[in-house]
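Working notes, beginning with the structure itself.
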Amino acid sequence: MKKWFVWICMLAAACGQPREEAWRTDFELSGGTETPRYDATINYIKRLEKASHMVHLAWFGVSPQGRNNPLVIVDKSGYTEPEKVRQSGRAVVLIQACIHAGEPDGKDAGLMLIRDMVIHKKQVELLDDITVLFMPLFNVDGHERFGPYNRINQNGPKEMGWRTTAQNLNLNRDYLKADAPEMRDWLKVFNRWLPDLFIDCHVTDGADYQYVVTYAIDRSVNVAEPVRAWTRDRYLPQLEQSMKASGYPIIPYVAPFNWGYLFSGLRGGIAPPRLSNGYGAVQNRPALLIETHMFKDYKTRVWGTYQMIRHSLEIVSRTKNDLIQANREADRITESLGGKTLPLNFKLTDYYRTIDFAGYRHHYIYSEFYGDSIIVWDSVPALLKLRYYDSSAVADSIVLPLAYLVPRSYASLIEVLRLHGAQVQELKEEQELEVGSYRFENVTFASGPYEGRFRADYRLVPITEKRKYHQGDYRIEMNQRCNRVIAHLLEPRSDDSFARWGFFNSLFEQKEYGEAYKLDELARQMASSDTSLRNAFNHKLKTDTAFARNNYERLNWFYKKSPYFDQNYNRYPIGLLRTK
């Protein structure tokens, strides 16, 4: 097959077509205005695979519409198994494109970069130190919902895919809850390979400015210190210097503090683990979010992405041993978090610094349709001095238990935890254990669905009690490298917990009721035998008008305080083991 390809290249050259021309991508052939469809992308990858032993096309899942999802493995020795790659000492870099399929910049940049290394031998020496995993079409079904009107804010390509999947799920909100089959397949790849660096390619919405590329990568206490140090001290200084030298100065990804009003300042922040870069952080890995600027033409954006990926690979090559060591040390630190404090949620503080921001002049006009003023960009470059709010504080933290105990009736949660790499034990015999847990109070729900779920809000009351656990129930020890992920899912205080995402909404439903004549009899008995209870009822009548007007809830108030009431109502079923 290799001889056949060489013969074709010789024939092309004889006909006046140089080797470089024969390997131009569809993006290049269009002059940088178009991106290829699914079949054309796969065919180009197959050509690379036939031409070089370093390229292997694998498939990591099947989409809801039946499309195979491609994973391109680029390894100097032709290795396709993570165990062999680790034994070789090479670092693993996972590059992902088209999670939002209307933002295909990373797909075309990645195809060209792989082509340049394995065909044209440009910087092929990087593969001495790195194995590249490339997902060009993560959201394959969204990619094939192709059309010219899918991204109103975006300047090209001529046609592109759609933001969400065929099930209308945004994959970049799904990393923790893992509802989408595409995400479940992705998690298997991630936890099998455990990449040393993860790169996710996007295009912005928001304000207009001069930068072609912006980025986000966590350097906060949300990520283990060794990874934080490598990112802060080794990676970012070199990346910023290299991108500036390549003609693409970069700045952290920002948004107006008050949307639509640039002079309100800019805001950064810490990504939650439902997002790609936030997920990398809680998996103890540096995760780079690339955000090219929507108003730049497609050719410029793709080449900006190309340079970000290329320079990232160069830095990983130079610092490979330090990066691998940082990741291993981060895993060891995380394994020892049981019984220690872990920050869960963060909030932006009022602290700001003033930065020079390469933006554009702009003014505001009144819109009769909007009913207020809207911004208009004048396309005149201007160096703006803006407030930059990028300081976050811990909004909530917990002391992790030594283990979590999950009833087998919630085996569906265990399936998700295992996808994230959690090791789970099944109990072999019945046990009665004293555990911590929670009761939910003041439960409310979002007014509409978010990513297919009605998220819950509540107040948590910590409790300690003895619970019986049975054979087949689950025990999850907090001595694992993915402790942070486990905690974010099982601690109801986390903004990305199973509880917040609505996995326990059935707990908040009262299933047994009493007839009014029976509850009235119960209320009379309880009120006459307990003066404090009677006083509490009278106080609620005086202070809660809605309660006073709801005849049944007046009786239900007593029912909820009686032994007849469901003891599992609003009771978190997962136990927190504090002692061995």
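Just remember, in the structure tokens the first chain shown is A, the second B, etc., residues are 1-based per chain, and ligands are 1-based in the order shown.
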Practice item. With a distance cut-off of 7 Å and only C-alpha atoms, select the neighbouring residues of segment 414-427 of chain A, excluding the residue or stretch itself and same-chain residues fewer than 6 positions from it, and output the selection as an NGL selection string. Key: :A and (178 or 184 or 187-188 or 191 or 470-476 or 482 or 486)
Practice item. Just the residues within 12 Å of Phe508 of chain A, please, counting only C-alpha atoms, with nothing from its chain fewer than 3 positions along; format it as a PyMOL selection string. Key: chain A and resi 439-445+456-458+499+502-505+511+566-572
Exercise for review: Would you mind listing what lies within 6 Å of Arg274 of chain A as a PyMOL selection string, with only C-alpha atoms counted and same-chain residues fewer than 6 positions away left out?
Suggested key: chain A and resi 173-176
Once you have the residues from the selection above, write them out as a PDB file, in the first residue's frame, restricted to C-alpha atoms.
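So result-v1.pdb came out as:
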```
ATOM      1  CA  ARG A 173     -22.135  20.887  29.748  1.00  0.00           C
ATOM      2  CA  ASP A 174     -22.163  17.107  30.080  1.00  0.00           C
ATOM      3  CA  TYR A 175     -18.745  16.095  31.392  1.00  0.00           C
ATOM      4  CA  LEU A 176     -19.944  15.282  34.933  1.00  0.00           C
TER       5      LEU A 176
END
```
Practice item. In Å, rounded to a single decimal, give me how far atom CA of Lys320 of chain A is from atom CA of Asp390 of chain A. Key: 29.1 Å
Practice item. List every residue of segment 2-212 of chain A that DSSP, applied to the backbone, labels as strand (DSSP E or B), and write the result as an NGL selection string. Key: :A and (55-62 or 68-74 or 91-96 or 130-135 or 147 or 160 or 197-203)
**Study point:** Residue contacts of segment 103-111 of chain A (9 Å, only C-alpha atoms) excluding same-chain residues fewer than 4 positions away, as a ChimeraX atom specification
**Key:** /A:25-28,35-36,41,44-45,95-99,115-116,134-137,143,151,154,157,160-163,200-204,290,292,298-299,301-307,309
Exercise for review: Using DSSP on the backbone coordinates, identify all residues within segment 496-559 of chain A classified as alpha helix (DSSP H); present the result as a ChimeraX atom specification.
Suggested key: /A:516-529,531-543,545-549,551-559
Take the residues from that selection and put them in a file with C-alpha atoms, as a compact mmCIF listing (two decimals), in the first residue's frame.
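Final output, saved to result.txt:
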```
# COMPACT_ATOMS: atom_id res chain seq x y z
CA ALA A 516 -58.58 15.16 55.83
CA TYR A 517 -60.80 13.54 58.47
CA LYS A 518 -57.95 11.21 59.59
CA LEU A 519 -55.34 13.98 59.54
CA ASP A 520 -57.63 16.26 61.55
CA GLU A 521 -57.93 13.55 64.20
CA LEU A 522 -54.12 13.17 64.19
CA ALA A 523 -53.60 16.95 64.45
CA ARG A 524 -55.94 17.23 67.44
CA GLN A 525 -54.11 14.44 69.26
CA MET A 526 -50.65 15.88 68.53
CA ALA A 527 -51.58 19.47 69.43
CA SER A 528 -53.23 18.48 72.70
CA SER A 529 -50.27 16.35 73.83
CA THR A 531 -47.88 22.46 73.75
CA SER A 532 -44.69 23.50 71.93
CA LEU A 533 -45.97 21.87 68.76
CA ARG A 534 -49.29 23.72 69.09
CA ASN A 535 -47.43 27.01 69.59
CA ALA A 536 -45.27 26.36 66.54
CA PHE A 537 -48.38 25.71 64.45
CA ASN A 538 -50.02 28.94 65.65
CA HIS A 539 -46.84 30.89 64.85
CA LYS A 540 -46.78 29.52 61.30
CA LEU A 541 -50.43 30.46 60.82
CA LYS A 542 -49.63 34.06 61.76
CA THR A 543 -46.42 34.41 59.73
CA THR A 545 -50.21 33.63 54.75
CA ALA A 546 -50.05 31.03 51.98
CA PHE A 547 -49.86 28.25 54.57
CA ALA A 548 -52.78 29.67 56.52
CA ARG A 549 -54.96 29.68 53.39
CA ASN A 551 -56.40 23.85 54.35
CA TYR A 552 -54.74 20.59 53.44
CA GLU A 553 -51.20 21.83 54.11
CA ARG A 554 -52.29 22.86 57.60
CA LEU A 555 -53.14 19.23 58.31
CA ASN A 556 -50.16 17.92 56.32
CA TRP A 557 -47.90 19.96 58.63
CA PHE A 558 -48.84 17.67 61.51
CA TYR A 559 -48.68 14.55 59.32
```
Exercise for review: Write out as a PyMOL selection string which residues come within 12 Å of Glu314 of chain A when counting only C-alpha atoms, dropping same-chain ones fewer than 2 positions away.
Suggested key: chain A and resi 91+93+123-130+234-235+238-239+242-243+307-312+316-320
Point to revise | Residue with smallest distance to Tyr450 of chain A - pool A:Trp501, A:Tyr215, A:Tyr410, A:Tyr209, counting only C-alpha atoms | key: A:Trp501
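Here atom CA of Asp396 of chain A and atom CA of Ser412 of chain A stand 26.9 Å from one another.
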Practice item. Name the closest residue to Val74 of chain A among the candidates A:Ala101, A:Gln87, A:Val118, A:Pro249; distances are taken between atoms, counting only C-alpha atoms. Key: A:Val118
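The nearest approach to Arg86 of chain A among the residues A:Ile270, A:Ile324, A:Leu342, A:Ala358, with only C-alpha atoms taken into account, belongs to A:Ile324.
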**Study point:** Best match for closeness to Thr165 of chain A among A:Thr354, A:Gln65, A:Ser220, A:Asn153, counting only C-alpha atoms
**Key:** A:Gln65
Check your understanding: What is the distance between atom CA of Asp297 of chain A and atom CA of Gly156 of chain A, in Å to one decimal?
Key -> 6.1 Å
**Study point:** Residues within 7 Å of Lys158 of chain A, only C-alpha atoms, excluding chain neighbours under 3 positions, as an NGL selection string
**Key:** :A and (33-34 or 148)
What does the file look like for those residues with N, CA and C atoms, as an mmCIF file, in the first residue's frame?
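Final output, saved to selection19.cif:
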```cif
data_model
loop_
_atom_site.group_PDB
_atom_site.id
_atom_site.type_symbol
_atom_site.label_atom_id
_atom_site.label_comp_id
_atom_site.auth_asym_id
_atom_site.auth_seq_id
_atom_site.Cartn_x
_atom_site.Cartn_y
_atom_site.Cartn_z
ATOM 1 N N THR A 33 -11.932 28.985 3.283
ATOM 2 C CA THR A 33 -13.308 29.441 3.507
ATOM 3 C C THR A 33 -14.278 28.301 3.818
ATOM 4 N N GLU A 34 -13.840 27.047 3.642
ATOM 5 C CA GLU A 34 -14.754 25.919 3.816
ATOM 6 C C GLU A 34 -14.137 24.859 4.715
ATOM 7 N N PRO A 148 -25.422 26.964 6.186
ATOM 8 C CA PRO A 148 -24.788 28.293 6.251
ATOM 9 C C PRO A 148 -25.343 29.188 7.355
#
```
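Of the residues under consideration (A:Leu262, A:Val223, A:Ala216, A:Ala180), A:Ala216 shows the shortest atom-to-atom contact distance to Leu289 of chain A when counting only C-alpha atoms.
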Point to revise | Spatial neighbours of segment 343-347 of chain A, max dist 9 Å, only C-alpha atoms, sep filter under 6 positions, as a list in words | key: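 Answer for this query is Val221, Asn222, Gly269, Ile270, Pro272, Ser391, Ser392, Ala393, Val394, Ala395, Asp396, Ser397, Ile398, Val399, Arg484, Ala487, His488, Glu491, Arg493, Ser494 and Asp495 of chain A.
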Keeping only C-alpha atoms, write the selected residues to a file as a PDB file, in the first residue's frame.
```pdb
ATOM      1  CA  VAL A 221      -6.841  25.770  44.024  1.00  0.00           C
ATOM      2  CA  ASN A 222      -9.433  23.858  42.015  1.00  0.00           C
ATOM      3  CA  GLY A 269     -13.388  32.850  36.592  1.00  0.00           C
ATOM      4  CA  ILE A 270     -13.016  29.155  37.341  1.00  0.00           C
ATOM      5  CA  PRO A 272     -17.066  24.179  36.709  1.00  0.00           C
ATOM      6  CA  SER A 391      -9.974  36.689  41.274  1.00  0.00           C
ATOM      7  CA  SER A 392     -12.110  33.849  42.626  1.00  0.00           C
ATOM      8  CA  ALA A 393     -12.734  32.788  46.210  1.00  0.00           C
ATOM      9  CA  VAL A 394     -13.974  29.510  47.623  1.00  0.00           C
ATOM     10  CA  ALA A 395     -17.752  29.726  48.000  1.00  0.00           C
ATOM     11  CA  ASP A 396     -18.192  26.304  49.580  1.00  0.00           C
ATOM     12  CA  SER A 397     -15.925  23.480  50.707  1.00  0.00           C
ATOM     13  CA  ILE A 398     -16.356  20.151  52.461  1.00  0.00           C
ATOM     14  CA  VAL A 399     -14.375  17.740  54.583  1.00  0.00           C
ATOM     15  CA  ARG A 484     -12.269  15.242  43.131  1.00  0.00           C
ATOM     16  CA  ALA A 487     -16.834  14.394  45.458  1.00  0.00           C
ATOM     17  CA  HIS A 488     -18.331  16.729  42.851  1.00  0.00           C
ATOM     18  CA  GLU A 491     -21.668  15.823  47.514  1.00  0.00           C
ATOM     19  CA  ARG A 493     -23.375  20.929  47.894  1.00  0.00           C
ATOM     20  CA  SER A 494     -21.469  20.768  44.617  1.00  0.00           C
ATOM     21  CA  ASP A 495     -23.055  22.778  41.796  1.00  0.00           C
TER      22      ASP A 495
END
```
